[in-house]
Amino acid sequence: MHLSRLALSLGQSATLKLNELANNLKAEGKPVVHLGGGEPEEKIPGGAFEESCKLLDGGFVRYTPVSGTAPLKKEIAAYTERHYGVKPGPKNIVVASGAKQAIYNFLISVVDPGDQVIFPAPYWVSYPEMVRLAYGTPVIVRPRAGELLVSAEDIESHLTSSTKAILLNSPNNPSGQVYPEGFIRELVEICEGRNIYLLMDDIYNRLVFDGLKAPSAYDFSKRPLNESVIVSINGVSKSFSMTGFRIGWSVANEALTQAMVKVQAQVSSCPSALSQAAAAGALREGDGFSDTLRAGLEKKRDVMVAELSKLKKVKLHKPQGTFYSFPDFSAYEQDSTKLSALLLEKALVVTVPGVEFGLEGHLRLSYCGSEQDIIEGVARIRKILD
Ligand SMILES: Cc1ncc(COP(=O)(O)O)c(C=O)c1O
């Protein structure tokens, strides 16, 4: 049977594959510890439950406007103003079926075949394939040995006349690191100076620890929103524990937003009405849910850091946000795929190989599960490696 060259060239999502594997092993009754996960274990906010029930009770669940319902856009505007000091209008927002679709809408709207899209490693596993899906060329900027962050100069040195966008995820999946203010300022200057889009994937923006805040690109912008090169991506998956609802959104200038609406209209018509009602309910409740979630994750981060420090040869940059840690295991094994497979086979612990995020020698260990799993999982790893 014929398959397109594009379909044949795409890699499988490593994290989704591992989730499936962990679930299969669990279903077989194996005592698997899953440190490869990417979603909080908390129940959804009450407001999300109530609003979706209300819609169901009415008995009408219809198509919505392509770019999202008015009540949800109103909540997104208030959220953006509260956390970024920028108030988008309805024509600046596209609600999508997850932040993932919002990023895809963006790439399809700005990338022509062969255009380059730059992002630093370690990167979210989907970026390279999503850029390829838009017939673009991913350009990866790697940090110096032993570091997890690149400098603005490193990024600038990779710019060409074909560069259309820079993607940045801060706090970062997988490293948990927050890019510093000076870096964000320089990046905004570079992008505004050259008219290159700067996509800020802020999906973990509310999950920053130790009283820190992830610096916002808008703070350094000299342009009004409708002339801005900054595209902000957010959603309810992580900060509101609503991964299954599939609601994310973009905030961007009106011209780009219009293009993204056209893309979405042809691909999915609109995000689920039920999920949009739920997301509006979650956002309407305010920041309490995310604050409690963050406090719990901060404690689990501390447990993960304490447990990892017991391993003799692991090097770790303490995560500043998200629910991931990205320790360097290269003193044990440089090949992260081999190491991850060994840990699954011998210790029944699921980890994600660093190579999937563009950095060999590391493993991604999540701490969004139970404290007990973190302690047990790392203890099993220690037993095998030390
Ligand atoms: C960095 C990053 N961006 C975007 C997403 C996609 O989130 P959503 O569930 O809203 O599609 C994820 C999910 O893992 C992520 O880690």
# chains A, B, ... in the order shown; residues from 1 in each chain; ligands from 1
call {"tool": "closest_atom_pairs", "arguments": {"of": "range 90-141 of chain A", "to": "range 228-240 of chain A", "cutoff": "8 Å", "atoms": "only C-alpha atoms", "output": "tab-separated table"}}
result
residue	atom	partner	partner_atom	distance
A:Gly98	CA	A:Gly235	CA	6.7
A:Ala99	CA	A:Gly235	CA	5.8
A:Ala102	CA	A:Ile233	CA	7.0
A:Ile103	CA	A:Ile233	CA	7.3
call {"tool": "residues_near_ligand", "arguments": {"ligand": "ligand 1", "cutoff": "10 Å", "atoms": "only C-alpha atoms and all ligand atoms", "output": "VMD selection string"}}
result
chain A and resid 15 to 16 37 to 39 96 to 103 123 to 127 168 to 174 200 to 204 233 to 239 241 to 249 322 to 324
call {"tool": "select_by_dssp", "arguments": {"residues": "range 226-385 of chain A", "states": "strand (DSSP E)", "output": "JSON list (two decimals) with C-alpha atoms, in the first residue's frame"}}
result
[["chain", "number", "residue", "atom", "x", "y", "z"],
["A", 230, "ILE", "CA", 5.83, 37.02, 19.68],
["A", 231, "VAL", "CA", 3.40, 34.13, 19.67],
["A", 232, "SER", "CA", 2.45, 32.83, 23.08],
["A", 233, "ILE", "CA", 1.24, 29.24, 23.43],
["A", 234, "ASN", "CA", -0.56, 28.05, 26.50],
["A", 235, "GLY", "CA", -3.19, 25.54, 27.61],
["A", 248, "GLY", "CA", -4.60, 24.85, 24.20],
["A", 249, "TRP", "CA", -4.42, 28.27, 22.55],
["A", 250, "SER", "CA", -2.26, 30.82, 20.80],
["A", 251, "VAL", "CA", -2.05, 34.57, 21.32],
["A", 324, "TYR", "CA", 10.69, 16.73, 34.79],
["A", 325, "SER", "CA", 14.31, 16.24, 35.77],
["A", 349, "VAL", "CA", 11.44, 1.52, 35.63],
["A", 350, "VAL", "CA", 10.24, 3.60, 32.68],
["A", 352, "VAL", "CA", 12.78, 8.52, 28.51],
["A", 353, "PRO", "CA", 16.15, 8.51, 26.68],
["A", 363, "LEU", "CA", 17.49, 10.45, 30.89],
["A", 364, "ARG", "CA", 14.25, 12.29, 31.56],
["A", 365, "LEU", "CA", 12.71, 11.28, 34.88],
["A", 366, "SER", "CA", 9.27, 12.71, 35.68]]
call {"tool": "select_by_dssp", "arguments": {"residues": "range 145-335 of chain A", "states": "alpha helix (DSSP H)", "output": "JSON, numbers by chain"}}
result
{"A": [152, 153, 154, 155, 156, 181, 182, 183, 184, 185, 186, 187, 188, 189, 190, 191, 192, 193, 194, 254, 255, 256, 257, 258, 259, 260, 261, 262, 263, 264, 265, 266, 267, 273, 274, 275, 276, 277, 278, 279, 280, 281, 282, 283, 284, 288, 289, 290, 291, 292, 293, 294, 295, 296, 297, 298, 299, 300, 301, 302, 303, 304, 305, 306, 307, 308]}
call {"tool": "residues_around", "arguments": {"residues": "Asn23 in chain A", "least_positions_apart": "4", "cutoff": "9 Å", "atoms": "only C-alpha atoms", "output": "PyMOL selection string"}}
result
chain A and resi 18-19+27-28+32+34
call {"tool": "closest_residue", "arguments": {"among": "A:Leu212, A:Val95, A:Leu56, A:Leu6", "to": "Ser268 in chain A", "atoms": "only C-alpha atoms"}}
result
A:Val95
call {"tool": "residues_around", "arguments": {"residues": "Leu107 in chain A", "least_positions_apart": "5", "cutoff": "8 Å", "atoms": "only C-alpha atoms", "output": "count of residues only"}}
result
3
call {"tool": "closest_atom_pairs", "arguments": {"of": "range 31-147 of chain A", "to": "range 193-197 of chain A", "cutoff": "10 Å", "atoms": "only C-alpha atoms", "output": "tab-separated table"}}
result
residue	atom	partner	partner_atom	distance
A:Phe106	CA	A:Tyr197	CA	9.8
A:Val110	CA	A:Tyr197	CA	8.5
A:Val117	CA	A:Tyr197	CA	9.4
call {"tool": "write_last_selection", "arguments": {"atoms": "C-alpha atoms", "output": "PDB file, in the first residue's frame"}}
result
ATOM      1  CA  PHE A 106       1.514  28.343  13.702  1.00  0.00           C
ATOM      2  CA  VAL A 110       4.547  30.725   8.670  1.00  0.00           C
ATOM      3  CA  VAL A 117      12.888  26.903  12.295  1.00  0.00           C
TER       4      VAL A 117
END
call {"tool": "residues_around", "arguments": {"residues": "range 269-279 of chain A", "least_positions_apart": "4", "cutoff": "8 Å", "atoms": "only C-alpha atoms", "output": "list in words"}}
result
Gly47, Ala48, Phe49, Glu50, Glu51, Ser52, Leu55, Leu56, Val61, Arg62, Tyr63, Thr64, Pro65, Val66, Ser67, Gly68, Thr69, Leu72, Val95, Ala96, Ser97, Val236, Phe245, Arg246, Ile247, Gln264, Ala265 and Leu283 of chain A
call {"tool": "decode", "arguments": {"residues": "range 234-331 of chain A", "atoms": "C-alpha atoms", "output": "mmCIF file, in the first residue's frame"}}
result
data_model
loop_
_atom_site.group_PDB
_atom_site.id
_atom_site.type_symbol
_atom_site.label_atom_id
_atom_site.label_comp_id
_atom_site.auth_asym_id
_atom_site.auth_seq_id
_atom_site.Cartn_x
_atom_site.Cartn_y
_atom_site.Cartn_z
ATOM 1 C CA ASN A 234 -0.565 28.046 26.503
ATOM 2 C CA GLY A 235 -3.190 25.543 27.607
ATOM 3 C CA VAL A 236 -4.954 23.698 30.396
ATOM 4 C CA SER A 237 -3.224 20.307 29.977
ATOM 5 C CA LYS A 238 -0.464 20.730 32.510
ATOM 6 C CA SER A 239 -1.334 23.589 34.899
ATOM 7 C CA PHE A 240 -4.946 22.432 35.293
ATOM 8 C CA SER A 241 -4.340 18.686 35.023
ATOM 9 C CA MET A 242 -6.647 18.498 31.996
ATOM 10 C CA THR A 243 -4.548 16.639 29.409
ATOM 11 C CA GLY A 244 -7.517 14.577 28.186
ATOM 12 C CA PHE A 245 -9.636 17.627 27.369
ATOM 13 C CA ARG A 246 -7.196 18.684 24.622
ATOM 14 C CA ILE A 247 -7.461 22.461 24.944
ATOM 15 C CA GLY A 248 -4.599 24.849 24.203
ATOM 16 C CA TRP A 249 -4.422 28.268 22.550
ATOM 17 C CA SER A 250 -2.257 30.819 20.805
ATOM 18 C CA VAL A 251 -2.054 34.566 21.322
ATOM 19 C CA ALA A 252 -0.618 36.417 18.310
ATOM 20 C CA ASN A 253 -1.053 39.416 16.029
ATOM 21 C CA GLU A 254 -4.343 39.553 14.121
ATOM 22 C CA ALA A 255 -2.920 38.811 10.657
ATOM 23 C CA LEU A 256 -1.172 35.656 11.816
ATOM 24 C CA THR A 257 -4.181 34.679 13.916
ATOM 25 C CA GLN A 258 -6.403 34.937 10.850
ATOM 26 C CA ALA A 259 -4.077 32.592 8.943
ATOM 27 C CA MET A 260 -4.063 30.108 11.825
ATOM 28 C CA VAL A 261 -7.886 30.205 11.955
ATOM 29 C CA LYS A 262 -7.980 29.305 8.242
ATOM 30 C CA VAL A 263 -5.652 26.346 8.844
ATOM 31 C CA GLN A 264 -7.665 25.098 11.791
ATOM 32 C CA ALA A 265 -10.968 25.552 9.934
ATOM 33 C CA GLN A 266 -9.809 23.125 7.238
ATOM 34 C CA VAL A 267 -8.173 20.634 9.598
ATOM 35 C CA SER A 268 -10.512 20.266 12.583
ATOM 36 C CA SER A 269 -13.329 22.885 12.285
ATOM 37 C CA CYS A 270 -13.072 23.739 15.996
ATOM 38 C CA PRO A 271 -11.978 22.246 19.298
ATOM 39 C CA SER A 272 -14.557 20.176 21.217
ATOM 40 C CA ALA A 273 -17.379 22.352 22.608
ATOM 41 C CA LEU A 274 -17.465 20.257 25.774
ATOM 42 C CA SER A 275 -13.755 20.704 26.386
ATOM 43 C CA GLN A 276 -13.953 24.433 25.743
ATOM 44 C CA ALA A 277 -16.725 24.760 28.338
ATOM 45 C CA ALA A 278 -14.553 22.801 30.786
ATOM 46 C CA ALA A 279 -11.481 24.968 30.083
ATOM 47 C CA ALA A 280 -13.509 28.154 30.612
ATOM 48 C CA GLY A 281 -14.721 26.737 33.937
ATOM 49 C CA ALA A 282 -11.153 25.922 35.003
ATOM 50 C CA LEU A 283 -9.797 29.355 34.053
ATOM 51 C CA ARG A 284 -12.750 31.153 35.684
ATOM 52 C CA GLU A 285 -11.817 29.587 39.023
ATOM 53 C CA GLY A 286 -8.575 31.553 38.944
ATOM 54 C CA ASP A 287 -5.065 30.541 39.949
ATOM 55 C CA GLY A 288 -5.802 28.518 43.099
ATOM 56 C CA PHE A 289 -5.776 25.118 41.380
ATOM 57 C CA SER A 290 -2.459 25.702 39.582
ATOM 58 C CA ASP A 291 -0.886 27.184 42.724
ATOM 59 C CA THR A 292 -1.760 24.085 44.763
ATOM 60 C CA LEU A 293 -0.556 21.823 41.946
ATOM 61 C CA ARG A 294 2.721 23.742 41.745
ATOM 62 C CA ALA A 295 3.293 23.536 45.520
ATOM 63 C CA GLY A 296 2.808 19.751 45.384
ATOM 64 C CA LEU A 297 5.149 19.401 42.407
ATOM 65 C CA GLU A 298 7.793 21.523 44.124
ATOM 66 C CA LYS A 299 7.806 19.059 47.034
ATOM 67 C CA LYS A 300 8.063 16.136 44.620
ATOM 68 C CA ARG A 301 10.903 17.927 42.807
ATOM 69 C CA ASP A 302 12.747 18.079 46.134
ATOM 70 C CA VAL A 303 12.182 14.362 46.686
ATOM 71 C CA MET A 304 13.460 13.571 43.168
ATOM 72 C CA VAL A 305 16.567 15.748 43.653
ATOM 73 C CA ALA A 306 17.308 14.161 47.057
ATOM 74 C CA GLU A 307 16.929 10.627 45.671
ATOM 75 C CA LEU A 308 19.034 11.319 42.563
ATOM 76 C CA SER A 309 21.809 12.805 44.704
ATOM 77 C CA LYS A 310 22.281 9.330 46.204
ATOM 78 C CA LEU A 311 23.491 8.012 42.847
ATOM 79 C CA LYS A 312 27.277 8.144 42.828
ATOM 80 C CA LYS A 313 27.915 9.404 39.293
ATOM 81 C CA VAL A 314 24.795 11.312 38.274
ATOM 82 C CA LYS A 315 25.057 15.041 37.502
ATOM 83 C CA LEU A 316 21.891 17.101 37.867
ATOM 84 C CA HIS A 317 20.875 20.704 37.241
ATOM 85 C CA LYS A 318 18.101 21.221 39.793
ATOM 86 C CA PRO A 319 14.806 21.689 37.906
ATOM 87 C CA GLN A 320 13.286 25.158 38.368
ATOM 88 C CA GLY A 321 9.860 24.246 37.000
ATOM 89 C CA THR A 322 7.717 21.648 35.092
ATOM 90 C CA PHE A 323 7.601 18.116 36.497
ATOM 91 C CA TYR A 324 10.693 16.729 34.795
ATOM 92 C CA SER A 325 14.312 16.239 35.767
ATOM 93 C CA PHE A 326 17.036 15.617 33.209
ATOM 94 C CA PRO A 327 20.027 14.053 34.986
ATOM 95 C CA ASP A 328 23.244 13.296 33.145
ATOM 96 C CA PHE A 329 23.938 9.538 33.346
ATOM 97 C CA SER A 330 26.829 9.584 30.883
ATOM 98 C CA ALA A 331 29.331 8.478 33.539
#
